[in-house]
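Visitor: Input run.txt, format and content: compact mmCIF, C-alpha atoms and all ligand atoms.
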# COMPACT_ATOMS: atom_id res chain seq x y z
CA MET A 11 64.85 153.48 218.40
CA HIS A 12 66.64 150.62 220.07
CA ILE A 13 63.35 149.54 221.75
CA LEU A 14 61.96 148.85 218.29
CA THR A 15 65.03 146.94 217.12
CA GLU A 16 65.51 144.90 220.30
CA GLN A 17 61.94 144.29 221.50
CA PRO A 18 59.73 144.90 218.44
CA THR A 19 57.05 142.36 219.35
CA THR A 20 56.63 143.59 222.93
CA ALA A 21 56.52 147.19 221.72
CA LEU A 22 54.00 146.66 218.93
CA GLN A 23 51.77 143.78 220.03
CA TYR A 24 48.71 143.89 222.27
CA SER A 25 49.63 143.87 225.94
CA LEU A 26 48.24 143.70 229.48
CA SER A 27 45.46 146.07 230.54
CA GLU A 28 47.19 146.69 233.89
CA GLY A 29 50.27 148.08 232.12
CA TYR A 30 53.77 147.09 231.02
CA PRO A 31 54.95 144.96 233.97
CA LYS A 32 58.40 146.48 234.26
CA LEU A 33 57.03 150.03 234.31
CA ARG A 34 54.44 149.07 236.91
CA GLU A 35 57.20 147.77 239.18
CA GLN A 36 59.28 150.90 238.67
CA LEU A 37 56.29 153.10 239.45
CA LYS A 38 55.35 151.11 242.55
CA GLU A 39 58.88 151.59 243.84
CA ARG A 40 58.62 155.32 243.11
CA MET A 41 55.29 155.52 244.95
CA VAL A 42 56.83 154.02 248.07
CA LYS A 43 60.10 155.97 247.89
CA ASN A 44 58.92 159.42 246.78
CA PHE A 45 55.33 159.55 247.97
CA GLY A 46 55.22 157.31 251.06
CA ILE A 47 52.35 155.32 249.57
CA ASP A 48 51.85 151.79 250.89
CA MET A 49 51.98 149.33 248.01
CA GLU A 50 51.12 146.29 250.15
CA ASN A 51 47.40 147.00 250.26
CA ASN A 52 47.15 148.98 247.06
CA GLU A 53 47.37 148.26 243.36
CA LEU A 54 48.87 150.39 240.61
CA ILE A 55 47.90 150.35 236.96
CA VAL A 56 49.23 152.39 234.05
CA VAL A 57 46.63 154.58 232.33
CA SER A 58 46.51 156.83 229.27
CA GLY A 59 46.81 160.16 231.08
CA SER A 60 45.44 161.06 234.50
CA GLN A 61 42.37 162.27 232.68
CA GLN A 62 41.71 158.55 232.26
CA SER A 63 42.11 157.93 236.00
CA ALA A 64 39.19 160.30 236.57
CA ASP A 65 37.26 158.57 233.81
CA LEU A 66 37.88 155.05 235.16
CA ALA A 67 37.16 156.02 238.77
CA THR A 68 33.85 157.57 237.68
CA LYS A 69 32.97 154.69 235.40
CA ALA A 70 33.64 152.15 238.16
CA LEU A 71 32.11 153.94 241.13
CA ILE A 72 29.56 156.54 240.05
CA ASN A 73 26.02 156.00 238.80
CA GLU A 74 23.83 158.62 237.17
CA GLY A 75 22.70 161.14 239.79
CA ASP A 76 25.43 160.26 242.30
CA GLY A 77 27.14 163.28 243.77
CA ILE A 78 30.78 164.34 243.42
CA ILE A 79 32.18 167.13 245.55
CA CYS A 80 34.69 169.31 243.71
CA GLU A 81 36.82 172.22 244.76
CA GLU A 82 35.36 175.48 243.48
CA PRO A 83 37.25 176.26 241.19
CA SER A 84 38.50 172.95 239.81
CA PHE A 85 40.08 171.37 236.71
CA ILE A 86 37.69 171.61 233.76
CA GLY A 87 38.83 168.32 232.17
CA CYS A 88 37.75 166.22 235.15
CA LEU A 89 34.60 168.26 235.76
CA ASN A 90 33.63 167.41 232.19
CA THR A 91 34.44 163.73 232.78
CA PHE A 92 32.07 163.70 235.76
CA ARG A 93 29.43 165.50 233.70
CA THR A 94 29.59 162.90 230.93
CA TYR A 95 28.61 160.24 233.48
CA LYS A 96 25.71 162.46 234.59
CA ALA A 97 27.07 162.87 238.10
CA LYS A 98 25.73 165.78 240.12
CA LEU A 99 28.51 168.22 240.99
CA TYR A 100 28.70 169.96 244.37
CA GLY A 101 31.21 172.82 244.55
CA VAL A 102 32.96 173.47 247.84
CA LYS A 103 34.82 176.75 248.20
CA LEU A 104 38.58 176.49 247.97
CA ASN A 105 40.33 178.57 250.64
CA ASN A 106 44.04 179.33 250.74
CA ASP A 107 44.64 176.10 252.69
CA GLY A 108 42.28 173.82 250.74
CA MET A 109 38.59 173.00 250.77
CA ASP A 110 36.40 174.87 253.22
CA LEU A 111 35.93 172.16 255.84
CA GLU A 112 32.72 173.47 257.26
CA GLN A 113 31.08 173.58 253.82
CA LEU A 114 32.56 170.18 252.99
CA GLU A 115 31.02 168.50 256.01
CA LYS A 116 27.69 170.30 255.56
CA THR A 117 27.55 169.15 251.92
CA LEU A 118 28.34 165.56 252.89
CA LYS A 119 25.80 165.60 255.69
CA GLU A 120 22.98 167.04 253.57
CA ASN A 121 23.43 165.02 250.39
CA LYS A 122 23.31 161.28 250.82
CA ASN A 123 23.93 160.72 247.09
CA ILE A 124 27.55 161.87 247.38
CA LYS A 125 30.02 159.10 246.53
CA MET A 126 33.26 160.92 245.81
CA ILE A 127 35.33 163.99 246.67
CA TYR A 128 37.57 165.18 243.84
CA THR A 129 40.62 167.13 244.96
CA ILE A 130 43.86 168.44 243.47
CA PRO A 131 45.59 169.06 246.78
CA THR A 132 48.98 170.26 245.56
CA PHE A 133 49.48 173.31 243.32
CA GLN A 134 45.89 173.07 242.29
CA ASN A 135 44.72 173.68 238.74
CA PRO A 136 43.58 176.45 238.34
CA SER A 137 44.44 178.23 241.61
CA GLY A 138 47.96 177.06 242.52
CA VAL A 139 46.66 176.50 246.09
CA THR A 140 48.11 173.68 248.21
CA THR A 141 45.88 171.96 250.76
CA SER A 142 47.41 172.05 254.25
CA LEU A 143 48.20 168.91 256.23
CA LYS A 144 45.45 169.77 258.71
CA VAL A 145 42.81 169.99 255.97
CA ARG A 146 44.06 166.78 254.30
CA LYS A 147 43.76 164.87 257.58
CA ARG A 148 40.25 166.14 258.14
CA MET A 149 39.27 165.27 254.57
CA ILE A 150 40.27 161.65 255.19
CA GLU A 151 38.35 161.60 258.47
CA LEU A 152 35.27 162.91 256.68
CA ALA A 153 35.65 160.45 253.80
CA VAL A 154 35.71 157.58 256.30
CA LYS A 155 32.85 159.03 258.37
CA TYR A 156 30.57 159.47 255.33
CA ASN A 157 32.03 156.50 253.47
CA VAL A 158 32.95 158.32 250.27
CA ILE A 159 36.00 157.96 248.05
CA ILE A 160 38.57 160.73 247.70
CA LEU A 161 40.00 161.03 244.19
CA GLU A 162 43.39 162.68 244.74
CA ASP A 163 44.65 164.11 241.46
CA ASN A 164 48.31 165.01 241.78
CA PRO A 165 49.94 165.85 238.43
CA TYR A 166 51.83 168.88 239.82
CA GLY A 167 52.94 167.49 243.21
CA GLU A 168 56.57 167.07 242.20
CA LEU A 169 56.86 170.64 240.93
CA ARG A 170 57.48 172.32 244.29
CA TYR A 171 59.95 175.19 244.07
CA SER A 172 59.62 176.70 247.54
CA GLY A 173 58.23 175.78 250.97
CA GLU A 174 57.89 172.31 252.46
CA ASP A 175 56.39 169.16 250.93
CA VAL A 176 53.01 168.10 252.35
CA PRO A 177 52.29 164.32 252.44
CA THR A 178 49.88 163.02 249.82
CA ILE A 179 46.39 162.19 251.08
CA LYS A 180 46.91 158.65 249.77
CA SER A 181 49.94 158.20 252.04
CA MET A 182 47.62 158.76 255.03
CA ASP A 183 44.95 156.37 253.77
CA THR A 184 44.65 153.27 255.94
CA THR A 185 41.09 152.31 254.98
CA GLY A 186 41.17 152.24 251.17
CA HIS A 187 39.14 155.43 250.77
CA VAL A 188 41.62 157.22 248.48
CA ILE A 189 42.26 156.75 244.76
CA TYR A 190 45.48 158.44 243.70
CA ALA A 191 46.08 159.74 240.18
CA GLY A 192 49.68 160.48 239.18
CA SER A 193 50.91 161.54 235.74
CA PHE A 194 53.97 161.80 233.55
CA SER A 195 52.42 164.72 231.68
CA LYS A 196 53.88 167.55 233.72
CA VAL A 197 57.26 165.99 234.50
CA PHE A 198 58.12 164.03 231.34
CA SER A 199 55.80 164.43 228.34
CA PRO A 200 52.06 164.99 227.93
CA GLY A 201 52.09 163.61 224.39
CA LEU A 202 53.09 160.08 225.48
CA ARG A 203 49.74 159.91 227.35
CA LEU A 204 51.18 158.14 230.37
CA ALA A 205 49.87 158.20 233.89
CA TYR A 206 49.17 155.83 236.77
CA MET A 207 46.40 155.16 239.20
CA VAL A 208 46.82 153.74 242.71
CA PHE A 209 43.87 152.33 244.61
CA ASP A 210 42.79 149.74 247.14
CA LYS A 211 43.26 146.13 245.94
CA GLY A 212 39.52 145.53 246.47
CA ILE A 213 38.51 147.55 243.39
CA MET A 214 41.19 146.21 241.03
CA GLU A 215 38.85 144.04 238.99
CA LYS A 216 36.31 146.81 238.44
CA ILE A 217 38.97 149.29 237.35
CA VAL A 218 40.73 146.82 235.04
CA VAL A 219 37.49 145.77 233.35
CA GLY A 220 36.75 149.48 232.83
CA LYS A 221 40.19 150.00 231.35
CA GLN A 222 39.76 147.02 229.00
CA ALA A 223 36.44 148.37 227.84
CA THR A 224 37.88 151.84 227.20
CA ASP A 225 41.14 151.23 225.32
CA VAL A 226 42.37 147.67 226.11
CA HIS A 227 45.68 149.06 227.42
CA THR A 228 47.88 152.12 227.36
CA ASN A 229 50.24 152.45 224.39
CA VAL A 230 53.00 149.91 225.12
CA PHE A 231 55.64 151.73 223.12
CA SER A 232 55.09 154.87 225.28
CA GLN A 233 55.30 152.73 228.41
CA MET A 234 58.57 151.18 227.26
CA ILE A 235 60.05 154.60 226.53
CA ALA A 236 59.17 155.75 230.04
CA SER A 237 60.48 152.55 231.57
CA TYR A 238 63.76 152.87 229.66
CA TYR A 239 64.06 156.48 230.76
CA LEU A 240 63.48 155.58 234.42
CA GLU A 241 66.10 152.83 234.20
CA HIS A 242 68.83 154.72 232.34
CA TYR A 243 68.30 158.36 233.24
CA ASP A 244 67.56 160.31 236.38
CA LEU A 245 63.95 161.55 236.31
CA ASP A 246 64.37 163.30 239.66
CA ALA A 247 67.33 165.30 238.30
CA GLN A 248 65.21 166.28 235.30
CA ILE A 249 62.35 167.34 237.62
CA GLU A 250 64.83 169.46 239.57
CA LYS A 251 65.65 171.36 236.35
CA ILE A 252 61.95 171.92 235.64
CA ARG A 253 61.43 173.14 239.20
CA LEU A 254 64.17 175.72 238.87
CA LEU A 255 62.76 176.98 235.58
CA TYR A 256 59.22 177.25 236.97
CA LYS A 257 60.48 178.89 240.15
CA HIS A 258 62.11 181.55 238.04
CA ARG A 259 59.08 182.05 235.80
CA GLY A 260 56.52 181.93 238.61
CA GLU A 261 58.44 184.42 240.74
CA TRP A 262 59.04 186.63 237.71
CA MET A 263 55.34 186.69 236.86
CA LEU A 264 54.51 187.66 240.45
CA GLU A 265 57.16 190.39 240.35
CA CYS A 266 55.63 191.75 237.13
CA MET A 267 52.13 191.58 238.64
CA ASP A 268 53.30 193.50 241.70
CA LYS A 269 54.65 196.14 239.32
CA TYR A 270 51.86 196.39 236.71
CA PHE A 271 48.60 195.14 238.24
CA PRO A 272 46.19 197.37 240.14
CA THR A 273 46.28 196.42 243.81
CA LYS A 274 43.01 197.86 245.10
CA ASN A 275 40.33 195.15 245.17
CA VAL A 276 42.45 192.78 243.09
CA SER A 277 44.19 189.78 244.65
CA TRP A 278 46.09 186.77 243.42
CA THR A 279 47.54 183.55 244.79
CA ARG A 280 51.28 183.08 245.36
CA PRO A 281 51.89 179.38 244.63
CA GLU A 282 54.90 177.46 245.94
CA GLY A 283 55.00 175.26 242.84
CA GLY A 284 53.09 174.06 239.82
CA ILE A 285 52.34 176.20 236.80
CA PHE A 286 49.26 178.33 237.54
CA LEU A 287 48.10 181.26 239.58
CA TRP A 288 44.63 182.65 240.16
CA VAL A 289 43.53 186.25 240.06
CA THR A 290 40.38 187.57 241.76
CA LEU A 291 38.93 190.86 240.49
CA PRO A 292 36.14 192.86 242.09
CA GLU A 293 32.69 191.28 241.77
CA GLY A 294 30.80 192.39 238.72
CA ILE A 295 33.73 192.11 236.32
CA ASP A 296 32.93 189.19 234.03
CA THR A 297 36.28 187.73 233.00
CA GLN A 298 34.67 185.90 230.07
CA LYS A 299 33.89 189.31 228.56
CA LEU A 300 37.27 190.68 229.59
CA LEU A 301 38.93 187.87 227.66
CA SER A 302 37.70 189.14 224.28
CA GLU A 303 39.21 192.55 224.96
CA SER A 304 42.42 190.99 226.20
CA ILE A 305 42.73 188.75 223.15
CA GLU A 306 42.44 191.81 220.91
CA LYS A 307 45.61 192.95 222.65
CA LYS A 308 47.10 189.49 222.06
CA VAL A 309 47.09 188.35 225.69
CA ALA A 310 45.20 185.21 226.66
CA PHE A 311 44.09 183.85 230.03
CA VAL A 312 41.44 181.35 231.05
CA PRO A 313 38.31 182.94 232.51
CA GLY A 314 37.25 181.57 235.88
CA VAL A 315 33.88 180.35 234.67
CA ALA A 316 35.60 177.43 232.91
CA PHE A 317 36.56 175.97 236.30
CA MET A 318 33.23 176.26 238.06
CA THR A 319 30.65 173.58 238.72
CA ASP A 320 28.02 176.00 237.36
CA ILE A 321 29.32 177.14 233.99
CA ASN A 322 26.47 179.59 233.51
CA LYS A 323 27.39 181.85 236.41
CA PRO A 324 29.81 184.66 235.43
CA THR A 325 32.90 184.95 237.61
CA SER A 326 35.38 187.71 238.29
CA CYS A 327 38.36 185.33 238.45
CA LEU A 328 40.92 184.24 235.89
CA ARG A 329 43.79 181.75 235.59
CA LEU A 330 47.29 182.65 234.47
CA ASN A 331 49.99 180.21 233.43
CA TYR A 332 53.72 180.93 233.72
CA SER A 333 55.40 177.70 232.62
CA THR A 334 55.81 178.18 228.88
CA MET A 335 56.62 181.82 228.15
CA PRO A 336 60.06 183.45 228.31
CA ASP A 337 60.66 186.41 230.65
CA ASP A 338 60.12 189.18 228.11
CA LYS A 339 56.77 187.75 227.00
CA ILE A 340 55.64 187.29 230.61
CA GLU A 341 56.45 190.93 231.35
CA GLN A 342 54.81 192.16 228.15
CA GLY A 343 51.65 190.10 228.77
CA ILE A 344 51.31 191.13 232.40
CA LYS A 345 51.87 194.80 231.52
CA ILE A 346 49.12 194.71 228.88
CA LEU A 347 46.72 192.86 231.17
CA GLY A 348 47.56 195.20 234.05
CA GLU A 349 46.74 198.24 231.89
CA LEU A 350 43.47 196.65 230.78
CA LEU A 351 42.51 195.92 234.40
CA LYS A 352 43.39 199.44 235.50
CA SER A 353 41.19 200.85 232.72
CA LYS A 354 38.27 198.74 234.03
CA LEU A 355 38.77 199.54 237.68
CA ASP A 356 39.44 203.29 237.52
C1 LIG A 401 44.50 168.67 237.67
C2 LIG A 401 44.71 167.94 236.39
N1 LIG A 401 44.34 166.66 236.28
C3 LIG A 401 44.52 165.96 235.16
C4 LIG A 401 45.09 166.54 234.05
C5 LIG A 401 45.23 165.71 232.81
O1 LIG A 401 46.53 165.29 232.70
P1 LIG A 401 46.98 164.06 231.79
O2 LIG A 401 47.76 164.67 230.68
O3 LIG A 401 47.80 163.20 232.68
O4 LIG A 401 45.75 163.38 231.32
C6 LIG A 401 45.50 167.87 234.09
C7 LIG A 401 46.06 168.51 232.90
O5 LIG A 401 46.19 169.69 232.77
C8 LIG A 401 45.29 168.59 235.29
O6 LIG A 401 45.65 169.87 235.41
Written as structure tokens, that's how I'd like the structure from this file.

Guide:
Amino acid sequence: MHILTEQPTTALQYSLSEGYPKLREQLKERMVKNFGIDMENNELIVVSGSQQSADLATKALINEGDGIICEEPSFIGCLNTFRTYKAKLYGVKLNNDGMDLEQLEKTLKENKNIKMIYTIPTFQNPSGVTTSLKVRKRMIELAVKYNVIILEDNPYGELRYSGEDVPTIKSMDTTGHVIYAGSFSKVFSPGLRLAYMVFDKGIMEKIVVGKQATDVHTNVFSQMIASYYLEHYDLDAQIEKIRLLYKHRGEWMLECMDKYFPTKNVSWTRPEGGIFLWVTLPEGIDTQKLLSESIEKKVAFVPGVAFMTDINKPTSCLRLNYSTMPDDKIEQGIKILGELLKSKLD
């Protein structure tokens, strides 16, 4: 409220496309301190959600028919962004330690139209997988070798609840090949539509012109709220609380799955953070069809097909989320789903 009484004009007038200057400075400091990202050679702008980072990167760098490599599975929102620009999507299998490097290099070698690699290296949506340091380093080497951009989408990176942090790909970027997308959505509020994009100074003008053409600037009032919060409250302490809650819920969901899910021919990821896990059923079970039966029993999940580069190919995978439901609902849901799966597999 006090923002509106003390700085009404700043809060309600048009503003700079790059973002509210004070928030940009606060975020740059955070990038250096918490993520080891060099802000000497890079620029940071505030955007309206990290969904917009994907949109602006594609708008600035991708022409119709250009190729974008995506993890298979990957986040549907960004896959759809790439599709709207008529990019050609190339799926590369996601292993437990990140993209399959052999397939990644083969795809780069064989398709000269590829301009970008899209990755969610930490607590990936939908799988919960974290890309290892070894794979991250190789991804950068390959990006430099084939001269393609890596779009590193990291909305869940701060939500680690066990294991060791892995450096961001951007923090290892010395050649300007990585665009980093961070977001307030998973650590502060998704409704404020606040995120930030860090990239080599050389593409600043292109990105800012794209931003101007899309929405002039991100909601200033939202930016001022975030800036005030960063100045007067402790965001890291708040994130710590979220981590503890998700640790509890994630571990509880896994405990329930161990108890109620069939184990033969069914596997699932065991994330060290984030909000999702990924279940793989035997081939031949179409999880899109399974969803209708599950919904009749009042349990929802997202079928794997939603996260694939080819949305017409049925998959036997599904995504579960553990961040929003209380313990009793998690147990109830997993029990019902477990019984449904057992009835299909017996
Ligand atoms: C991997 C990934 N990228 C981007 C987004 C979009 O986030 P934002 O609310 O910052 O636009 C999401 C949201 O679920 C996501 O999971």

Visitor: I need the residue nearest A:Pro177 from this list: A:Asn44, A:Ser60, A:Thr94, A:Ser232. Use only C-alpha atoms for the distance.

Guide: A:Asn44

Visitor: Could you check how far atom CA of A:Glu81 sits from atom CA of A:Val102, in Å to one decimal?

Guide: 5.1 Å

Visitor: List all protein, DNA and RNA residues that have an atom no more than 9 Å from any atom of ligand LIG 401 (chain A), counting only C-alpha atoms and all ligand atoms, and report them as an MDAnalysis selection string.

Guide: chainID A and resid 57:64 84:88 129:130 133:136 163:166 191:196 199:206

Visitor: Calculate how many Å separate atom CA of A:Asp246 from atom CA of A:Ser27, rounding to one decimal.

Guide: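 Atom-to-atom, atom CA of A:Asp246 and atom CA of A:Ser27 are spaced 27.2 Å apart.
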
Visitor: At a cut-off of 6 Å, using all atoms listed in the file, what residues contact stretch 251-265 of chain A? Leave out same-chain residues fewer than 2 positions from it and give the result as a PDB file with C-alpha atoms, keeping the file's coordinate frame.

Guide:
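Generated output (result_20.pdb):
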ATOM      1  CA  LEU A 169      56.860 170.640 240.930  1.00  0.00           C
ATOM      2  CA  TYR A 171      59.950 175.190 244.070  1.00  0.00           C
ATOM      3  CA  GLN A 248      65.210 166.280 235.300  1.00  0.00           C
ATOM      4  CA  ILE A 249      62.350 167.340 237.620  1.00  0.00           C
ATOM      5  CA  MET A 267      52.130 191.580 238.640  1.00  0.00           C
ATOM      6  CA  ASP A 268      53.300 193.500 241.700  1.00  0.00           C
ATOM      7  CA  TYR A 332      53.720 180.930 233.720  1.00  0.00           C
ATOM      8  CA  SER A 333      55.400 177.700 232.620  1.00  0.00           C
TER       9      SER A 333
END

Visitor: Of the candidates A:Thr117, A:Thr273, A:Asn105, A:Thr184, which shows the shortest atom-to-atom distance to A:Glu50, using all atoms listed in the file?

Guide: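 Looking at the shortest contact to A:Glu50, the residue is A:Thr184.
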
Visitor: Calculate how many Å separate atom CA of A:Val154 from atom CA of A:Asn121, rounding to one decimal.

Guide: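 Going from atom CA of A:Val154 over to atom CA of A:Asn121, I get 15.5 Å.
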
Visitor: Here is a test: counting only C-alpha atoms, which residue of A:Pro272, A:Gly343, A:Gly212, A:Gly77 is nearest to A:Leu355?

Guide: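 Nearest to A:Leu355: A:Pro272.
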
Visitor: Do a neighbour search on A:Lys308 at 9 Å with only C-alpha atoms, toss out local chain neighbours closer than 4 positions, and write the hits as a VMD selection string.

Guide: chain A and resid 303 to 304 343 346

Visitor: Excluding same-chain residues fewer than 5 positions from A:Met49, what lies within 10 Å of it counting only C-alpha atoms, as a ChimeraX atom specification?

Guide: /A:38-39,41-42,54,181,208-211

Visitor: Residues within 10 Å of A:Gln113, please, as a list of chain:residue names. Count only C-alpha atoms; anything in the same chain fewer than 2 positions from it doesn't count.

Guide: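 Within the cut-off, the hits are A:Gly101, A:Val102, A:Lys103, A:Leu104, A:Met109, A:Asp110, A:Leu111, A:Glu115, A:Lys116, A:Thr117, A:Leu118, A:Lys119.
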